[in-house]
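Asker: Sending over work.pdb (PDB, C-alpha atoms).
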```
ATOM      1  CA  MET A   1      39.239 -16.568  19.777  1.00  0.00           C
ATOM      2  CA  ARG A   2      39.516 -12.801  19.928  1.00  0.00           C
ATOM      3  CA  VAL A   3      39.100 -12.276  23.668  1.00  0.00           C
ATOM      4  CA  LYS A   4      40.448 -14.428  26.476  1.00  0.00           C
ATOM      5  CA  PHE A   5      39.416 -14.482  30.134  1.00  0.00           C
ATOM      6  CA  PHE A   6      41.669 -16.070  32.716  1.00  0.00           C
ATOM      7  CA  LYS A   7      42.266 -16.310  36.447  1.00  0.00           C
ATOM      8  CA  LYS A   8      44.635 -13.606  37.647  1.00  0.00           C
ATOM      9  CA  THR A   9      44.597 -14.997  41.173  1.00  0.00           C
ATOM     10  CA  LYS A  10      42.560 -17.739  42.788  1.00  0.00           C
ATOM     11  CA  ARG A  11      39.658 -15.364  43.343  1.00  0.00           C
ATOM     12  CA  THR A  12      40.207 -12.733  40.657  1.00  0.00           C
ATOM     13  CA  TYR A  13      39.791 -12.803  36.884  1.00  0.00           C
ATOM     14  CA  ASP A  14      41.247 -10.681  34.115  1.00  0.00           C
ATOM     15  CA  LEU A  15      41.036 -10.606  30.317  1.00  0.00           C
ATOM     16  CA  GLN A  16      43.085  -9.901  27.247  1.00  0.00           C
ATOM     17  CA  ILE A  17      42.002  -8.797  23.792  1.00  0.00           C
ATOM     18  CA  LEU A  18      43.718 -10.957  21.189  1.00  0.00           C
ATOM     19  CA  HIS A  19      42.592  -9.267  17.986  1.00  0.00           C
ATOM     20  CA  GLU A  20      41.926  -5.629  17.171  1.00  0.00           C
ATOM     21  CA  THR A  21      38.616  -6.506  15.485  1.00  0.00           C
ATOM     22  CA  ALA A  22      37.208  -8.070  18.665  1.00  0.00           C
ATOM     23  CA  THR A  23      33.566  -7.165  19.314  1.00  0.00           C
ATOM     24  CA  ILE A  24      31.359  -7.034  22.372  1.00  0.00           C
ATOM     25  CA  GLN A  25      29.912 -10.381  21.283  1.00  0.00           C
ATOM     26  CA  ASP A  26      33.432 -11.836  21.340  1.00  0.00           C
ATOM     27  CA  TYR A  27      33.751 -10.441  24.864  1.00  0.00           C
ATOM     28  CA  LEU A  28      30.486 -12.097  25.941  1.00  0.00           C
ATOM     29  CA  ASP A  29      31.352 -15.403  24.270  1.00  0.00           C
ATOM     30  CA  ALA A  30      34.723 -15.414  26.026  1.00  0.00           C
ATOM     31  CA  ILE A  31      33.304 -14.786  29.481  1.00  0.00           C
ATOM     32  CA  ASN A  32      30.743 -17.564  29.001  1.00  0.00           C
ATOM     33  CA  LYS A  33      33.539 -19.907  27.905  1.00  0.00           C
ATOM     34  CA  PHE A  34      35.540 -18.909  30.972  1.00  0.00           C
ATOM     35  CA  ILE A  35      32.616 -19.717  33.285  1.00  0.00           C
ATOM     36  CA  GLU A  36      32.185 -23.135  31.672  1.00  0.00           C
ATOM     37  CA  GLU A  37      35.858 -24.098  31.786  1.00  0.00           C
ATOM     38  CA  ILE A  38      37.030 -23.097  35.250  1.00  0.00           C
ATOM     39  CA  THR A  39      37.171 -25.924  37.740  1.00  0.00           C
ATOM     40  CA  GLU A  40      34.894 -24.271  40.271  1.00  0.00           C
ATOM     41  CA  PRO A  41      32.286 -22.104  38.505  1.00  0.00           C
ATOM     42  CA  PRO A  42      31.993 -18.752  40.305  1.00  0.00           C
ATOM     43  CA  CYS A  43      28.244 -18.499  39.706  1.00  0.00           C
ATOM     44  CA  LYS A  44      26.347 -19.630  42.799  1.00  0.00           C
ATOM     45  CA  GLY A  45      23.211 -20.484  40.857  1.00  0.00           C
ATOM     46  CA  CYS A  46      21.270 -17.923  42.895  1.00  0.00           C
ATOM     47  CA  ASP A  47      19.344 -14.746  42.110  1.00  0.00           C
ATOM     48  CA  GLU A  48      21.382 -12.278  44.183  1.00  0.00           C
ATOM     49  CA  CYS A  49      22.404 -10.177  41.174  1.00  0.00           C
ATOM     50  CA  CYS A  50      18.744  -9.907  40.090  1.00  0.00           C
ATOM     51  CA  TRP A  51      18.083  -7.589  43.028  1.00  0.00           C
ATOM     52  CA  GLU A  52      20.604  -4.979  41.944  1.00  0.00           C
ATOM     53  CA  ARG A  53      20.324  -2.077  39.512  1.00  0.00           C
ATOM     54  CA  ILE A  54      20.485  -3.368  35.915  1.00  0.00           C
ATOM     55  CA  PRO A  55      21.573  -0.592  33.526  1.00  0.00           C
ATOM     56  CA  LEU A  56      20.595  -0.957  29.880  1.00  0.00           C
ATOM     57  CA  THR A  57      22.178  -0.312  26.510  1.00  0.00           C
ATOM     58  CA  HIS A  58      20.107   0.349  23.399  1.00  0.00           C
ATOM     59  CA  ILE A  59      21.067  -3.106  22.052  1.00  0.00           C
ATOM     60  CA  ASP A  60      19.737  -4.651  25.272  1.00  0.00           C
ATOM     61  CA  VAL A  61      16.394  -2.970  24.633  1.00  0.00           C
ATOM     62  CA  LEU A  62      16.344  -4.152  21.009  1.00  0.00           C
ATOM     63  CA  ASN A  63      17.053  -7.708  22.187  1.00  0.00           C
ATOM     64  CA  TYR A  64      14.150  -7.606  24.630  1.00  0.00           C
ATOM     65  CA  ILE A  65      11.841  -6.254  21.958  1.00  0.00           C
ATOM     66  CA  ASN A  66      12.938  -8.706  19.257  1.00  0.00           C
ATOM     67  CA  GLN A  67      13.207 -11.851  21.361  1.00  0.00           C
ATOM     68  CA  LEU A  68      10.238 -11.472  23.691  1.00  0.00           C
ATOM     69  CA  GLY A  69       8.002 -10.326  20.865  1.00  0.00           C
ATOM     70  CA  GLU A  70       4.276 -10.274  21.506  1.00  0.00           C
ATOM     71  CA  GLU A  71       4.712 -11.068  25.201  1.00  0.00           C
ATOM     72  CA  LEU A  72       5.539  -7.429  25.838  1.00  0.00           C
ATOM     73  CA  HIS A  73       2.414  -5.998  24.137  1.00  0.00           C
ATOM     74  CA  LEU A  74       4.267  -2.970  22.831  1.00  0.00           C
ATOM     75  CA  ASP A  75       3.085  -0.131  20.653  1.00  0.00           C
ATOM     76  CA  LYS A  76       3.942  -1.110  17.085  1.00  0.00           C
ATOM     77  CA  GLU A  77       4.802   2.398  15.906  1.00  0.00           C
ATOM     78  CA  TRP A  78       7.131   3.297  18.785  1.00  0.00           C
ATOM     79  CA  PRO A  79       8.125  -0.018  20.437  1.00  0.00           C
ATOM     80  CA  LEU A  80      11.313   1.314  22.010  1.00  0.00           C
ATOM     81  CA  LEU A  81       9.549   4.229  23.658  1.00  0.00           C
ATOM     82  CA  ASP A  82       6.788   1.946  24.887  1.00  0.00           C
ATOM     83  CA  PHE A  83       9.318  -0.524  26.304  1.00  0.00           C
ATOM     84  CA  LEU A  84      11.043   2.298  28.150  1.00  0.00           C
ATOM     85  CA  LYS A  85       7.727   3.428  29.622  1.00  0.00           C
ATOM     86  CA  GLN A  86       6.541  -0.008  30.694  1.00  0.00           C
ATOM     87  CA  TYR A  87       9.621  -2.036  31.543  1.00  0.00           C
ATOM     88  CA  THR A  88      12.384   0.353  32.607  1.00  0.00           C
ATOM     89  CA  TYR A  89      13.115   2.927  35.264  1.00  0.00           C
ATOM     90  CA  ILE A  90      14.317   6.269  33.936  1.00  0.00           C
ATOM     91  CA  TYR A  91      15.912   8.572  36.484  1.00  0.00           C
ATOM     92  CA  ALA A  92      17.196  12.001  35.539  1.00  0.00           C
ATOM     93  CA  GLU A  93      19.002  14.584  37.594  1.00  0.00           C
ATOM     94  CA  GLY A  94      20.116  17.749  35.893  1.00  0.00           C
ATOM     95  CA  GLY A  95      21.614  16.725  32.559  1.00  0.00           C
ATOM     96  CA  ALA A  96      22.310  13.129  33.576  1.00  0.00           C
ATOM     97  CA  VAL A  97      19.935  10.299  32.640  1.00  0.00           C
ATOM     98  CA  ASP A  98      20.069   6.723  33.935  1.00  0.00           C
ATOM     99  CA  ILE A  99      17.978   3.972  32.332  1.00  0.00           C
ATOM    100  CA  SER A 100      17.747   0.582  34.033  1.00  0.00           C
ATOM    101  CA  LEU A 101      15.350  -2.349  33.996  1.00  0.00           C
ATOM    102  CA  GLY A 102      12.212  -1.833  35.987  1.00  0.00           C
ATOM    103  CA  PHE A 103      11.803  -3.545  39.326  1.00  0.00           C
ATOM    104  CA  THR A 104       9.038  -5.048  41.437  1.00  0.00           C
ATOM    105  CA  PRO A 105       7.769  -3.501  44.684  1.00  0.00           C
ATOM    106  CA  GLU A 106      10.064  -5.950  46.469  1.00  0.00           C
ATOM    107  CA  GLY A 107      13.070  -4.580  44.571  1.00  0.00           C
ATOM    108  CA  ALA A 108      13.727  -7.481  42.189  1.00  0.00           C
ATOM    109  CA  CYS A 109      14.291  -7.191  38.458  1.00  0.00           C
ATOM    110  CA  PHE A 110      10.984  -7.020  36.630  1.00  0.00           C
ATOM    111  CA  PHE A 111      11.833 -10.161  34.657  1.00  0.00           C
ATOM    112  CA  LEU A 112      12.892 -12.312  37.627  1.00  0.00           C
ATOM    113  CA  ASN A 113      10.703 -15.342  38.317  1.00  0.00           C
ATOM    114  CA  GLN A 114      10.873 -15.019  42.084  1.00  0.00           C
ATOM    115  CA  GLY A 115       9.171 -18.353  42.728  1.00  0.00           C
ATOM    116  CA  GLU A 116      11.732 -20.367  40.776  1.00  0.00           C
ATOM    117  CA  ARG A 117      14.576 -17.842  41.287  1.00  0.00           C
ATOM    118  CA  ILE A 118      15.412 -17.816  37.582  1.00  0.00           C
ATOM    119  CA  CYS A 119      15.487 -15.163  34.858  1.00  0.00           C
ATOM    120  CA  GLY A 120      12.246 -14.982  32.915  1.00  0.00           C
ATOM    121  CA  SER A 121      14.010 -13.462  29.910  1.00  0.00           C
ATOM    122  CA  TYR A 122      17.312 -15.364  29.921  1.00  0.00           C
ATOM    123  CA  ALA A 123      17.818 -15.388  26.142  1.00  0.00           C
ATOM    124  CA  ALA A 124      17.453 -11.601  26.001  1.00  0.00           C
ATOM    125  CA  ARG A 125      19.264 -10.728  29.240  1.00  0.00           C
ATOM    126  CA  SER A 126      21.200  -7.500  29.228  1.00  0.00           C
ATOM    127  CA  LEU A 127      24.911  -6.878  28.748  1.00  0.00           C
ATOM    128  CA  VAL A 128      25.462  -6.195  32.433  1.00  0.00           C
ATOM    129  CA  CYS A 129      23.747  -9.486  33.304  1.00  0.00           C
ATOM    130  CA  GLN A 130      25.662 -11.536  30.765  1.00  0.00           C
ATOM    131  CA  SER A 131      28.986 -10.083  31.925  1.00  0.00           C
ATOM    132  CA  PHE A 132      28.390 -10.623  35.637  1.00  0.00           C
ATOM    133  CA  ILE A 133      29.903 -13.534  37.527  1.00  0.00           C
ATOM    134  CA  CYS A 134      30.286 -14.090  41.262  1.00  0.00           C
ATOM    135  CA  MET A 135      34.022 -13.472  41.181  1.00  0.00           C
ATOM    136  CA  GLU A 136      36.118 -10.342  41.654  1.00  0.00           C
ATOM    137  CA  SER A 137      37.787  -8.782  38.631  1.00  0.00           C
ATOM    138  CA  THR A 138      40.920  -6.730  38.134  1.00  0.00           C
ATOM    139  CA  PRO A 139      40.499  -2.939  37.843  1.00  0.00           C
ATOM    140  CA  THR A 140      41.169  -3.216  34.092  1.00  0.00           C
ATOM    141  CA  ALA A 141      38.436  -5.822  33.536  1.00  0.00           C
ATOM    142  CA  GLN A 142      36.068  -3.829  35.715  1.00  0.00           C
ATOM    143  CA  GLU A 143      36.768  -0.645  33.763  1.00  0.00           C
ATOM    144  CA  LEU A 144      36.096  -2.335  30.421  1.00  0.00           C
ATOM    145  CA  ARG A 145      32.729  -3.627  31.606  1.00  0.00           C
ATOM    146  CA  SER A 146      31.877  -0.178  32.940  1.00  0.00           C
ATOM    147  CA  GLN A 147      32.818   1.593  29.698  1.00  0.00           C
ATOM    148  CA  LEU A 148      30.806  -0.838  27.575  1.00  0.00           C
ATOM    149  CA  VAL A 149      27.687  -0.469  29.707  1.00  0.00           C
ATOM    150  CA  ASN A 150      27.933   3.308  30.147  1.00  0.00           C
ATOM    151  CA  THR A 151      28.603   4.024  26.472  1.00  0.00           C
ATOM    152  CA  GLY A 152      25.740   1.734  25.461  1.00  0.00           C
ATOM    153  CA  MET A 153      23.407   3.504  27.854  1.00  0.00           C
ATOM    154  CA  ASP A 154      24.431   6.913  26.535  1.00  0.00           C
ATOM    155  CA  GLU A 155      23.439   5.701  23.060  1.00  0.00           C
ATOM    156  CA  LEU A 156      20.092   4.533  24.464  1.00  0.00           C
ATOM    157  CA  VAL A 157      19.519   7.969  25.995  1.00  0.00           C
ATOM    158  CA  ARG A 158      20.428   9.613  22.676  1.00  0.00           C
ATOM    159  CA  ILE A 159      17.955   7.415  20.784  1.00  0.00           C
ATOM    160  CA  TRP A 160      15.253   7.957  23.430  1.00  0.00           C
ATOM    161  CA  MET A 161      15.594  11.728  23.148  1.00  0.00           C
ATOM    162  CA  ASN A 162      15.538  11.630  19.340  1.00  0.00           C
ATOM    163  CA  GLN A 163      12.500   9.348  19.224  1.00  0.00           C
ATOM    164  CA  CYS A 164      10.606  11.503  21.709  1.00  0.00           C
ATOM    165  CA  LYS A 165      11.285  14.440  19.424  1.00  0.00           C
ATOM    166  CA  ASP A 166      10.171  12.511  16.332  1.00  0.00           C
ATOM    167  CA  ALA A 167       7.022  11.260  18.081  1.00  0.00           C
ATOM    168  CA  ASP A 168       6.314  14.830  19.240  1.00  0.00           C
ATOM    169  CA  ILE A 169       6.118  13.906  22.924  1.00  0.00           C
ATOM    170  CA  LYS A 170       7.874  15.288  25.976  1.00  0.00           C
ATOM    171  CA  LEU A 171      10.740  13.439  27.579  1.00  0.00           C
ATOM    172  CA  PHE A 172       9.283  11.168  30.240  1.00  0.00           C
ATOM    173  CA  TYR A 173      10.774   9.996  33.524  1.00  0.00           C
ATOM    174  CA  HIS A 174       9.878   7.618  36.313  1.00  0.00           C
ATOM    175  CA  GLU A 175      11.754   9.860  38.726  1.00  0.00           C
ATOM    176  CA  GLU A 176      13.593  13.111  38.237  1.00  0.00           C
ATOM    177  CA  TYR A 177      15.211  15.995  40.044  1.00  0.00           C
ATOM    178  CA  LYS A 178      15.571  19.226  38.095  1.00  0.00           C
ATOM    179  CA  ALA A 179      15.917  17.190  34.914  1.00  0.00           C
ATOM    180  CA  ASN A 180      17.374  19.123  32.010  1.00  0.00           C
ATOM    181  CA  PRO A 181      19.165  16.719  29.648  1.00  0.00           C
ATOM    182  CA  GLU A 182      20.508  18.107  26.394  1.00  0.00           C
ATOM    183  CA  LEU A 183      20.775  15.990  23.248  1.00  0.00           C
ATOM    184  CA  ALA A 184      24.061  17.692  22.388  1.00  0.00           C
ATOM    185  CA  ASP A 185      25.637  16.077  25.469  1.00  0.00           C
ATOM    186  CA  TYR A 186      24.960  12.557  24.155  1.00  0.00           C
ATOM    187  CA  LEU A 187      27.332  12.105  21.253  1.00  0.00           C
ATOM    188  CA  GLU A 188      27.523   9.331  18.708  1.00  0.00           C
ATOM    189  CA  SER A 189      29.849   6.476  19.624  1.00  0.00           C
ATOM    190  CA  GLY A 190      30.932   2.978  18.628  1.00  0.00           C
ATOM    191  CA  PHE A 191      27.381   1.866  19.429  1.00  0.00           C
ATOM    192  CA  THR A 192      25.735   4.273  16.994  1.00  0.00           C
ATOM    193  CA  GLY A 193      24.000   2.604  14.073  1.00  0.00           C
ATOM    194  CA  LYS A 194      24.604  -0.897  15.490  1.00  0.00           C
ATOM    195  CA  THR A 195      21.811  -3.319  16.360  1.00  0.00           C
ATOM    196  CA  LYS A 196      23.844  -6.343  17.490  1.00  0.00           C
ATOM    197  CA  TYR A 197      26.782  -6.802  19.843  1.00  0.00           C
ATOM    198  CA  SER A 198      28.629  -8.611  17.060  1.00  0.00           C
ATOM    199  CA  GLU A 199      28.737  -5.260  15.225  1.00  0.00           C
ATOM    200  CA  VAL A 200      30.240  -3.188  18.050  1.00  0.00           C
ATOM    201  CA  LEU A 201      34.045  -3.146  18.076  1.00  0.00           C
ATOM    202  CA  LEU A 202      35.648  -3.006  21.509  1.00  0.00           C
ATOM    203  CA  LYS A 203      38.306  -0.685  20.132  1.00  0.00           C
ATOM    204  CA  GLU A 204      35.639   1.873  19.182  1.00  0.00           C
ATOM    205  CA  VAL A 205      34.131   1.886  22.659  1.00  0.00           C
ATOM    206  CA  CYS A 206      37.231   1.743  24.896  1.00  0.00           C
ATOM    207  CA  THR A 207      39.219   4.819  25.745  1.00  0.00           C
ATOM    208  CA  PRO A 208      42.686   4.778  24.118  1.00  0.00           C
ATOM    209  CA  GLU A 209      44.258   4.355  27.560  1.00  0.00           C
ATOM    210  CA  LEU A 210      42.205   1.276  28.386  1.00  0.00           C
ATOM    211  CA  TRP A 211      42.715  -0.191  24.918  1.00  0.00           C
ATOM    212  CA  GLN A 212      46.485  -0.031  25.365  1.00  0.00           C
ATOM    213  CA  LYS A 213      46.166  -2.042  28.573  1.00  0.00           C
ATOM    214  CA  LEU A 214      43.934  -4.680  26.971  1.00  0.00           C
ATOM    215  CA  TYR A 215      45.613  -4.917  23.578  1.00  0.00           C
ATOM    216  CA  PRO A 216      49.291  -3.969  23.956  1.00  0.00           C
ATOM    217  CA  PRO A 217      51.351  -3.704  20.753  1.00  0.00           C
ATOM    218  CA  ARG A 218      53.508  -6.705  19.968  1.00  0.00           C
ATOM    219  CA  ASN A 219      57.236  -6.398  20.401  1.00  0.00           C
ATOM    220  CA  GLY A 220      59.145  -6.173  17.146  1.00  0.00           C
TER     221      GLY A 220
END
```
In structure tokens, write the structure found in this file.
Answerer:
Amino acid sequence: MRVKFFKKTKRTYDLQILHETATIQDYLDAINKFIEEITEPPCKGCDECCWERIPLTHIDVLNYINQLGEELHLDKEWPLLDFLKQYTYIYAEGGAVDISLGFTPEGACFFLNQGERICGSYAARSLVCQSFICMESTPTAQELRSQLVNTGMDELVRIWMNQCKDADIKLFYHEEYKANPELADYLESGFTGKTKYSEVLLKEVCTPELWQKLYPPRNG
């Protein structure tokens, strides 16, 4: 076990990184183990979180493409660009770009089965979905989740801009306000070149300050 989740208080959880080679997949495995083991599971078994904004990382998009396969009916030459056009919501304001899952006219996640109140793409659900539980977290745990999601999205934006350039098409948005993103503002990170969460080291995504809180040096 490389990551451990635990109750900080009765209603709050925290985590600790146990090994410096811990990956995002270790993080996800640990939070799933935590949900299974606690006496009173915090998940209500509802669909409340499916009506909120669901930001995406580039690995999330690859998982949707790879696991849902032909169901998505994507362009074979540029599947990522086609997925972003059909199944996401891209909002840009100035140089900032936000990419989240698309939503229905009612405001639900595009992949939510509203009749049965279950996820229609559970095996491929995004990082933010997998790491969400109906329980408050400490500021440190909240910051880690935020850094993982935001850094992964920045990599998705970087790839989107590069692929638009390679495909010789203009950047496309579902909504924008004076959009003027610059590729130079989206730098390579611990996500770059990775296609699975088991390849992304937490240490390469966290800020040094956060890493010191999660993985303090041993005494002696």
Asker: For A:Ala108, which residue out of A:Ile31, A:Leu84, A:Ala123, A:Cys50 is the nearest one, using all atoms listed in the file?
Answerer: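 Residue with the minimum atom-to-atom distance to A:Ala108: A:Cys50.
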Asker: The PyMOL selection byres ((chain A and resi 64) around 12) - which residues does that actually catch in the file I just gave you? List them as JSON, numbers by chain.
Answerer: {"A": [56, 57, 58, 59, 60, 61, 62, 63, 65, 66, 67, 68, 69, 70, 71, 72, 73, 74, 79, 80, 83, 84, 87, 88, 101, 111, 120, 121, 122, 123, 124, 125, 126, 127]}
Asker: Counting all atoms listed in the file, which residue out of A:Trp78, A:Arg53, A:Lys4, A:Thr192 sits closest to A:Asp168?
Answerer: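 Closest residue, counting all atoms listed in the file: A:Trp78.
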Asker: Go through A:Met161, A:Glu204, A:Phe5, A:Lys178 and flag the residue nearest A:Leu18, using all atoms listed in the file for the distances.
Answerer: A:Phe5
Asker: Carefully work through the PyMOL selection byres ((chain A and resi 157) around 12) for this structure and note down the residues it includes, as a PyMOL selection string.
Answerer: chain A and resi 55-59+61+80-81+84+90-92+95-100+150-156+158-164+171-173+181-188+191-192
Asker: Find the residues around A:Ile24 up to 10 Å (only C-alpha atoms counted), leave out those fewer than 4 positions away in its own chain, and share them as an MDAnalysis selection string.
Answerer: chainID A and resid 3 28:30 127 145 148 196:203 205
Asker: Which residue, A:Thr23, A:Gln130, A:Asn180, A:Gln86, has the smallest gap to A:Ile54 when you use only C-alpha atoms?
Answerer: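 Of all the options, A:Gln130 lies closest to A:Ile54.
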Asker: In Å, with one decimal, what is the gap from atom CA of A:Cys109 to atom CA of A:Cys129?
Answerer: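 These atoms are spaced 11.0 Å apart.
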Asker: Can you measure atom CA of A:Asp14 to atom CA of A:Ser189 for me? One decimal in Å is fine.
Answerer: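 Result for atom CA of A:Asp14 versus atom CA of A:Ser189: 25.2 Å, one decimal.
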Asker: Taking the file as I've supplied it (selection: the PyMOL selection byres ((chain A and resi 15) around 12)), which residues are included? Please answer as JSON, numbers by chain.
Answerer: {"A": [2, 3, 4, 5, 6, 7, 8, 12, 13, 14, 16, 17, 18, 26, 27, 28, 30, 31, 34, 137, 138, 139, 140, 141, 142, 143, 144, 145, 211, 213, 214, 215]}
Asker: For stretch 174-180 of chain A, I'd like the enclosing box, axis-aligned and padded by 4 Å on every side, reported as AutoDock Vina command-line options with centre and edge lengths in Å to one decimal.
Answerer:
```
--center_x 13.6 --center_y 13.4 --center_z 36.0 --size_x 15.5 --size_y 19.6 --size_z 16.0
```
Asker: Mind pulling up the distance from atom CA of A:Tyr89 to atom CA of A:Glu175?
Answerer: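 Separation of atom CA of A:Glu175 and atom CA of A:Tyr89: 7.9 Å.
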Asker: Excluding same-chain residues fewer than 6 positions from A:Arg11, what lies within 10 Å of it counting all atoms listed in the file, as a ChimeraX atom specification?
Answerer: /A:42,134-137
Asker: Please determine, counting all atoms listed in the file, which residue among A:Ala179, A:Ile35, A:Ala167, A:Leu112 has the shortest atom-to-atom distance to A:Glu52.
Answerer: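 Checking each of A:Ala179, A:Ile35, A:Ala167, A:Leu112 against A:Glu52, counting all atoms listed in the file, the winner is A:Leu112.
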